[in-house]
6 protein chains.
Amino acid sequence: MPPLLLFLSLLSLLLPHASSLDYCVADLSLPPTPSGFPCKSPSKLTSDDFYFTGLGVAGNTSNIIKAAVTPAFSPQFPAVNGLGLSLARLDVLPGGVIPLHTHPAGNEALVMIQGTLCAGFVDTANNVFLQTLKKGDVMVFPQGLLHFQINSGGIPALAFVTFSSPTPGLQITSIALFGSNFPSKLIEGTTFLSDAEVKRLKGILGGSG
Amino acid sequence: MPPLLLFLSLLSLLLPHASSLDYCVADLSLPPTPSGFPCKSPSKLTSDDFYFTGLGVAGNTSNIIKAAVTPAFSPQFPAVNGLGLSLARLDVLPGGVIPLHTHPAGNEALVMIQGTLCAGFVDTANNVFLQTLKKGDVMVFPQGLLHFQINSGGIPALAFVTFSSPTPGLQITSIALFGSNFPSKLIEGTTFLSDAEVKRLKGILGGSG
Amino acid sequence: MPPLLLFLSLLSLLLPHASSLDYCVADLSLPPTPSGFPCKSPSKLTSDDFYFTGLGVAGNTSNIIKAAVTPAFSPQFPAVNGLGLSLARLDVLPGGVIPLHTHPAGNEALVMIQGTLCAGFVDTANNVFLQTLKKGDVMVFPQGLLHFQINSGGIPALAFVTFSSPTPGLQITSIALFGSNFPSKLIEGTTFLSDAEVKRLKGILGGSG
Amino acid sequence: MPPLLLFLSLLSLLLPHASSLDYCVADLSLPPTPSGFPCKSPSKLTSDDFYFTGLGVAGNTSNIIKAAVTPAFSPQFPAVNGLGLSLARLDVLPGGVIPLHTHPAGNEALVMIQGTLCAGFVDTANNVFLQTLKKGDVMVFPQGLLHFQINSGGIPALAFVTFSSPTPGLQITSIALFGSNFPSKLIEGTTFLSDAEVKRLKGILGGSG
Amino acid sequence: MPPLLLFLSLLSLLLPHASSLDYCVADLSLPPTPSGFPCKSPSKLTSDDFYFTGLGVAGNTSNIIKAAVTPAFSPQFPAVNGLGLSLARLDVLPGGVIPLHTHPAGNEALVMIQGTLCAGFVDTANNVFLQTLKKGDVMVFPQGLLHFQINSGGIPALAFVTFSSPTPGLQITSIALFGSNFPSKLIEGTTFLSDAEVKRLKGILGGSG
Amino acid sequence: MPPLLLFLSLLSLLLPHASSLDYCVADLSLPPTPSGFPCKSPSKLTSDDFYFTGLGVAGNTSNIIKAAVTPAFSPQFPAVNGLGLSLARLDVLPGGVIPLHTHPAGNEALVMIQGTLCAGFVDTANNVFLQTLKKGDVMVFPQGLLHFQINSGGIPALAFVTFSSPTPGLQITSIALFGSNFPSKLIEGTTFLSDAEVKRLKGILGGSG
């Protein structure tokens, strides 16, 4: 069977090289670049590298917001590096809330699995889009726009969200302002909030300055 | 309060323009471009435009594969146009299968909601990556690579999949070959399948030629 | 000189076609796409289409913020369509402020021309980066992150800003919340602000709901 | 066989929609966008739309440069629209030349089919890279850099070039300067060429001003 | 001539830095990233780095398919790294075939140099596009779609193909299925092929499992 | 206050990871990639990393062109790495000139700060677009097209330019030809310039060959 052997040796020469950028599982030990992390060597990968169990359990909701966001971004799930997508799990107890936030670098789609969320976003023309989401419903939240989710039902809510980037980022407005060392005077001058309110919220959320 | 009025009129001039490309809900009545469909006028949009209920019910699985793929791509859910993402719902009865296929223009991540799927893909170096997926598990399938999902459990399986493109495409290998008018002789010459097998499958899947 | 004529006729056939996407000056009368507006016909363009005088005069700063943002985005300056950049002019009187805001779809660089601005941004790890900017200084503000500018000097400040998108968008946090019809109860639940403070700011900034 | 019919009807619902952006053959009757031309309706396409015979014959080389460039860009071969590539054919008689030029919007690779070309480019650090190309040789010319090809052999040279854009553009330096209405005084001031030389070349290449 | 010296020293400061990303010849000794390999130092490059002779000779066609694919992707020709293009040479003896395959990450254009190929692709709506290609003809094959080439003439066929990516990948369907360790039972379940046919082809193409 | 502590610990787990690609300040000690330089560790950054004073002083204009270009590209201002933008300062004395040049990898917008410039570009259809720019005027120069600026006024001109790339490159046509080792014979053959003129300019601009 020499012809076959020649054919297969051709392929063994060709294909290993060609495959090297089918995917780019992140090597988190190396510094990232603007396009993401360098790739782990394909020879070290197994099917477990493309598989993630971290979204299978509810996040810890024993906190002030009665909610948890569990991300599967590049740092948690290196297989999404370079793939232009990532996921997260939202767990929100009755009365819980995912506070007003943005994703600076990614569009979002949410699919409801259990319970009810009231969700909304504000666009740059100050239009407010609100929706009550039930099991199986989908809603999109365009990149960088302020949005939120609140459990408006009587049972714990579960949703999965997906992003158009492996590292969409998450900036919770009240934490960025009142849980950081952003000087109170600058917050007040740039938001019109009162000094008393800024100090009250810094007390709750741990900010200084 | 004239100063405030001036400030607001400034904003009313500035923001409507700036907002026009926060998002680009597809106007499906116009021809698409390489970047997607033209945008519907922002003035005609309501919160329902960003909301989709079509994934809330199981697809019809009374078919030969005991499975259904329900897409939320741009044509079904115009809000994903231009957002670099889309979704679909997979319903697979026990013993059912999503046949071997590729998405020519998008990476995929799957999150299991109910039941068990055996899933796998083959890369261009002919490595096969297989995984059994249970509730909450996530698996990625890189763009353009052959992959499949089989219900290997005893109850109906439900999964949501997300793509890195609003129009990832779907090419089911056996349908492309045996459910089209691809001439049998060319199929045989380019796949090494026997004439008898090609004709048997065309009989089942409806192909001609 | 027939050879030359043939050469030139070759070029006249070749080059007009090749030139059609050197640039894509926006035809604002047509609906935009995810990549921007359709292009005006090259045959209708003159050098004035690539030229913009709208940043030459100070914006109207007789308002509550003692400041003005004058954009040169695609809707104002159609030549930037498709070029991956845009500009704006900032005028800030002593004591004036560009309130806390984000650009959902573009990175920003600011260059000081006159006066002094105190500027800063908060990243998604809640690090606050502050800087006092004087004539000739440059500062960057990465996409989607909360930032602001305050005139901390004694004379009017002038700066030009540039963006990595022809339509970067602008979302002023306090206007999005307190100048829109975002229901007060939802604002309070998702920001931890008090009902009194939300209502006070809606009174000032014109919001309802 | 009802199950099969259901399966096929499922596919007939799913696939026509999904296919609409497998490709985007240009509809040249509509205005282009920054991402290219709008797409012709898939229902009107035949295999001839993906096929081009225009590179099969030599261009007319009876001209001053003894050479011809025959493009297969979007305007000539609409199927490359949106595909991120295009081609051209180079015919160069002995002693002929493709004058110094750039492609403003695309990288280039050249593969020699017949004869010999001396080719070169200059990078932005003023390094000059020269090569003599024979049958089967490949050379790349990075985007926007000045480059040229000269037939340095005794027989007509034939090469195919490929670009990383469907509309790479072509700017021949001497034609841009001396074959246009670029005012001679401005040419002289910005290139250090003498008035006599500029006027001599405008005489040959047809420029005015 | 001090003014000139000053001018030149200005340039020597400015240009070496500016040039560093004119191109990015791959340093294959470093791990790649999602955007490609890191760049070799510009100071180590000569014109040979932009030049490739590997497509000048026919690949070895003494094999079962009577054909050879010789790639000039990043691993073989590091200069294409980062340029958004690559090439390959196809040699197909009479009766030979490039089996049914996809390129997961790149569009393709083929230009015929010698002989005759029958080529075709199937889109995601199961339309089959077939064409007989003769010297000088061009055909495009959109990303990720199944396609093939068969020598339908009496002499060896030679074609050059170009891709819209430096690493387009190559997945030959029958090798991915029958030349890998893809379990036969899973192949059968996801393609509807018979157990006998799968085992026959694994025998020929070397697969296991 | 345990609930709050839990909430904050959740955030401390989540946010540091999520923030790692808010920005990517270049680590210039590592080799760049096609998407730019690897990122410095976020933990080492201070507000000074996002701040640049190098455009605050005029470049040295005591040279043959009576002009200076001071860049703030990635090598000078590492914060622009990955942000899709960069800046430069132009200083042009009366009678001075920024010679005819291109930016191979970036679109440009210029904003006049002081004085008067006559600026222009030539497109690939040989159309010439000229404009006289005064304080506050903006003009765009599309990627890769030949353009220039001349001080046509009586006072020093100052302008800031911005690019759609952190490394747009700069190729001054006359320096590329007459200040390099580009062989005179090849210049003459590919530009139609006379031998005498080429040698005269090489004498002035320092070229050899």
# chains A, B, ... in the order shown; residues from 1 in each chain; ligands from 1

$ select_by_dssp --residues "stretch 110-209 of chain F" --states "strand (DSSP E or B)" --output "NGL selection string"
:F and (110-114 or 117-122 or 128-133 or 138-141 or 147-151 or 157-163 or 171-172)

$ calpha_fit_and_write --fixed "chain E" --moving "chain C" --output "short mmCIF file (atom, residue, chain, number, x, y, z; two decimals) with C-alpha atoms, in the first residue's frame"
data_model
loop_
_atom_site.label_atom_id
_atom_site.label_comp_id
_atom_site.auth_asym_id
_atom_site.auth_seq_id
_atom_site.Cartn_x
_atom_site.Cartn_y
_atom_site.Cartn_z
CA MET C 1 24.83 71.65 5.69
CA PRO C 2 23.70 71.46 9.35
CA PRO C 3 20.00 71.91 8.54
CA LEU C 4 20.03 68.77 6.49
CA LEU C 5 21.83 66.82 9.16
CA LEU C 6 19.22 67.89 11.68
CA PHE C 7 16.50 66.83 9.31
CA LEU C 8 18.04 63.45 8.78
CA SER C 9 18.66 62.87 12.46
CA LEU C 10 15.03 63.72 13.06
CA LEU C 11 14.08 61.05 10.59
CA SER C 12 16.46 58.51 12.03
CA LEU C 13 14.75 59.01 15.36
CA LEU C 14 11.31 58.90 13.94
CA LEU C 15 11.28 56.25 11.30
CA PRO C 16 12.83 53.16 12.89
CA HIS C 17 10.15 53.21 15.54
CA ALA C 18 7.36 53.89 13.11
CA SER C 19 8.42 51.02 10.88
CA SER C 20 8.20 48.28 13.43
CA LEU C 21 4.72 47.20 12.39
CA ASP C 22 4.91 47.69 8.61
CA TYR C 23 4.93 43.89 8.63
CA CYS C 24 5.28 41.10 11.17
CA VAL C 25 7.38 38.22 9.88
CA ALA C 26 6.54 35.31 12.21
CA ASP C 27 8.99 34.22 14.87
CA LEU C 28 7.89 30.58 14.88
CA SER C 29 9.90 29.87 18.02
CA LEU C 30 7.41 31.84 20.13
CA PRO C 31 3.83 30.82 20.94
CA PRO C 32 1.22 32.33 18.61
CA THR C 33 -1.64 34.62 19.71
CA PRO C 34 -5.17 34.96 18.33
CA SER C 35 -3.79 37.55 15.87
CA GLY C 36 -0.86 35.38 14.76
CA PHE C 37 2.76 34.80 15.76
CA PRO C 38 4.99 37.43 17.40
CA CYS C 39 7.21 39.32 14.96
CA LYS C 40 10.87 38.71 14.25
CA SER C 41 13.03 41.73 14.98
CA PRO C 42 13.09 44.01 11.91
CA SER C 43 16.86 44.35 12.30
CA LYS C 44 17.29 40.66 11.45
CA LEU C 45 15.26 40.67 8.24
CA THR C 46 16.60 40.57 4.71
CA SER C 47 14.77 40.48 1.42
CA ASP C 48 14.85 36.68 1.60
CA ASP C 49 12.35 36.84 4.46
CA PHE C 50 9.70 38.18 2.10
CA TYR C 51 10.44 35.62 -0.58
CA PHE C 52 9.38 31.97 -0.89
CA THR C 53 10.49 29.34 -3.39
CA GLY C 54 8.50 26.44 -1.96
CA LEU C 55 5.67 26.74 -4.49
CA GLY C 56 8.04 26.44 -7.43
CA VAL C 57 8.06 22.65 -7.62
CA ALA C 58 5.19 20.21 -7.91
CA GLY C 59 4.18 18.40 -4.75
CA ASN C 60 4.50 14.62 -4.62
CA THR C 61 1.46 13.21 -6.42
CA SER C 62 2.48 9.53 -6.12
CA ASN C 63 -0.34 8.81 -3.73
CA ILE C 64 -3.86 7.53 -3.55
CA ILE C 65 -5.41 10.85 -4.60
CA LYS C 66 -2.88 11.54 -7.37
CA ALA C 67 -2.70 15.06 -6.02
CA ALA C 68 -0.75 17.33 -3.69
CA VAL C 69 -1.44 20.50 -1.77
CA THR C 70 1.67 22.56 -1.02
CA PRO C 71 0.91 25.33 1.48
CA ALA C 72 2.55 28.72 1.97
CA PHE C 73 0.85 29.47 5.28
CA SER C 74 2.56 31.18 8.24
CA PRO C 75 4.44 28.03 9.36
CA GLN C 76 5.94 27.53 5.88
CA PHE C 77 6.26 31.19 4.81
CA PRO C 78 6.50 33.36 7.95
CA ALA C 79 6.18 36.62 5.99
CA VAL C 80 2.43 36.16 5.52
CA ASN C 81 1.89 36.31 9.29
CA GLY C 82 -0.31 39.30 10.07
CA LEU C 83 -0.91 40.10 6.40
CA GLY C 84 -4.37 38.54 6.16
CA LEU C 85 -3.47 36.30 3.23
CA SER C 86 -1.68 33.08 2.29
CA LEU C 87 -1.22 30.82 -0.73
CA ALA C 88 -0.98 27.20 -1.75
CA ARG C 89 -0.14 25.21 -4.85
CA LEU C 90 -2.37 22.44 -6.17
CA ASP C 91 -0.97 19.67 -8.36
CA VAL C 92 -3.50 17.16 -9.62
CA LEU C 93 -2.68 14.36 -12.07
CA PRO C 94 -5.28 13.22 -14.62
CA GLY C 95 -7.94 11.40 -12.60
CA GLY C 96 -6.61 12.87 -9.39
CA VAL C 97 -8.70 14.67 -6.80
CA ILE C 98 -8.45 17.16 -3.96
CA PRO C 99 -11.01 15.45 -1.71
CA LEU C 100 -14.04 17.21 -0.26
CA HIS C 101 -12.80 19.66 2.38
CA THR C 102 -13.27 23.00 4.12
CA HIS C 103 -11.02 25.83 5.25
CA PRO C 104 -12.41 26.69 8.69
CA ALA C 105 -10.83 30.12 8.83
CA GLY C 106 -10.48 31.61 5.37
CA ASN C 107 -12.10 32.39 2.04
CA GLU C 108 -10.36 30.98 -1.04
CA ALA C 109 -9.78 32.03 -4.64
CA LEU C 110 -8.28 29.63 -7.18
CA VAL C 111 -6.55 30.58 -10.42
CA MET C 112 -5.88 27.90 -13.03
CA ILE C 113 -2.40 27.81 -14.56
CA GLN C 114 -2.47 24.60 -16.54
CA GLY C 115 -4.94 21.86 -17.38
CA THR C 116 -8.56 21.50 -16.35
CA LEU C 117 -10.26 21.11 -13.00
CA CYS C 118 -13.87 20.40 -12.23
CA ALA C 119 -14.55 22.29 -8.99
CA GLY C 120 -17.56 22.91 -6.82
CA PHE C 121 -18.92 23.91 -3.44
CA VAL C 122 -22.15 23.46 -1.49
CA ASP C 123 -23.60 26.38 0.46
CA THR C 124 -25.61 26.21 3.69
CA ALA C 125 -28.89 26.22 1.74
CA ASN C 126 -27.63 23.07 -0.02
CA ASN C 127 -27.15 24.79 -3.36
CA VAL C 128 -24.38 23.14 -5.37
CA PHE C 129 -22.18 25.38 -7.54
CA LEU C 130 -20.10 23.49 -10.12
CA GLN C 131 -17.69 24.82 -12.71
CA THR C 132 -15.13 23.51 -15.17
CA LEU C 133 -12.00 25.61 -14.87
CA LYS C 134 -9.49 26.14 -17.66
CA LYS C 135 -6.24 28.07 -17.90
CA GLY C 136 -6.65 31.58 -16.51
CA ASP C 137 -10.05 30.96 -14.94
CA VAL C 138 -10.72 32.04 -11.37
CA MET C 139 -13.25 30.61 -8.90
CA VAL C 140 -13.97 31.54 -5.29
CA PHE C 141 -14.88 29.18 -2.43
CA PRO C 142 -16.40 31.00 0.57
CA GLN C 143 -15.11 30.28 4.06
CA GLY C 144 -16.05 27.04 5.77
CA LEU C 145 -18.12 25.59 2.89
CA LEU C 146 -17.54 22.06 1.57
CA HIS C 147 -15.70 22.07 -1.77
CA PHE C 148 -13.49 19.92 -3.98
CA GLN C 149 -11.40 19.88 -7.18
CA ILE C 150 -11.05 17.00 -9.67
CA ASN C 151 -8.77 16.83 -12.69
CA SER C 152 -11.22 16.28 -15.50
CA GLY C 153 -8.68 16.69 -18.28
CA GLY C 154 -5.95 14.64 -19.84
CA ILE C 155 -2.88 16.47 -18.52
CA PRO C 156 -1.62 17.34 -15.03
CA ALA C 157 -3.46 20.32 -13.62
CA LEU C 158 -1.70 23.17 -11.82
CA ALA C 159 -3.47 25.88 -9.86
CA PHE C 160 -2.55 28.45 -7.26
CA VAL C 161 -5.00 29.21 -4.49
CA THR C 162 -5.03 32.18 -2.19
CA PHE C 163 -6.73 32.60 1.19
CA SER C 164 -7.97 35.54 3.23
CA SER C 165 -6.01 34.35 6.27
CA PRO C 166 -2.37 33.38 6.92
CA THR C 167 -3.66 30.23 8.65
CA PRO C 168 -6.88 29.19 6.88
CA GLY C 169 -6.76 25.59 8.04
CA LEU C 170 -7.71 22.52 6.00
CA GLN C 171 -10.16 19.84 7.06
CA ILE C 172 -10.59 16.95 4.62
CA THR C 173 -13.94 15.46 5.52
CA SER C 174 -13.11 11.80 4.86
CA ILE C 175 -9.76 12.02 6.63
CA ALA C 176 -11.33 13.75 9.65
CA LEU C 177 -13.84 10.91 9.90
CA PHE C 178 -12.05 7.81 8.62
CA GLY C 179 -8.40 8.69 9.21
CA SER C 180 -8.79 9.65 12.86
CA ASN C 181 -9.79 7.87 16.05
CA PHE C 182 -13.39 9.13 15.76
CA PRO C 183 -15.42 6.19 17.18
CA SER C 184 -17.25 4.37 14.38
CA LYS C 185 -20.47 4.27 16.30
CA LEU C 186 -20.50 8.05 16.66
CA ILE C 187 -19.70 8.52 12.97
CA GLU C 188 -22.56 6.25 12.02
CA GLY C 189 -24.99 7.95 14.37
CA THR C 190 -24.18 11.44 13.16
CA THR C 191 -23.83 10.83 9.42
CA PHE C 192 -26.31 7.97 8.72
CA LEU C 193 -23.48 6.01 7.05
CA SER C 194 -23.63 2.27 7.48
CA ASP C 195 -21.33 0.42 9.85
CA ALA C 196 -19.89 -1.55 6.95
CA GLU C 197 -19.07 1.55 4.95
CA VAL C 198 -17.44 3.30 7.91
CA LYS C 199 -15.30 0.27 8.63
CA ARG C 200 -14.35 -0.12 4.95
CA LEU C 201 -13.17 3.49 4.80
CA LYS C 202 -11.33 3.32 8.10
CA GLY C 203 -9.49 0.38 6.66
CA ILE C 204 -8.40 2.37 3.66
CA LEU C 205 -7.69 5.67 5.40
CA GLY C 206 -6.11 4.39 8.57
CA GLY C 207 -8.65 5.39 11.21
CA SER C 208 -9.24 3.56 14.46
CA GLY C 209 -11.90 3.54 17.17
#

$ select_by_dssp --residues "stretch 135-202 of chain A" --states "alpha helix (DSSP H)" --output "MDAnalysis selection string"
chainID A and resid 173:178 184:191 195:202
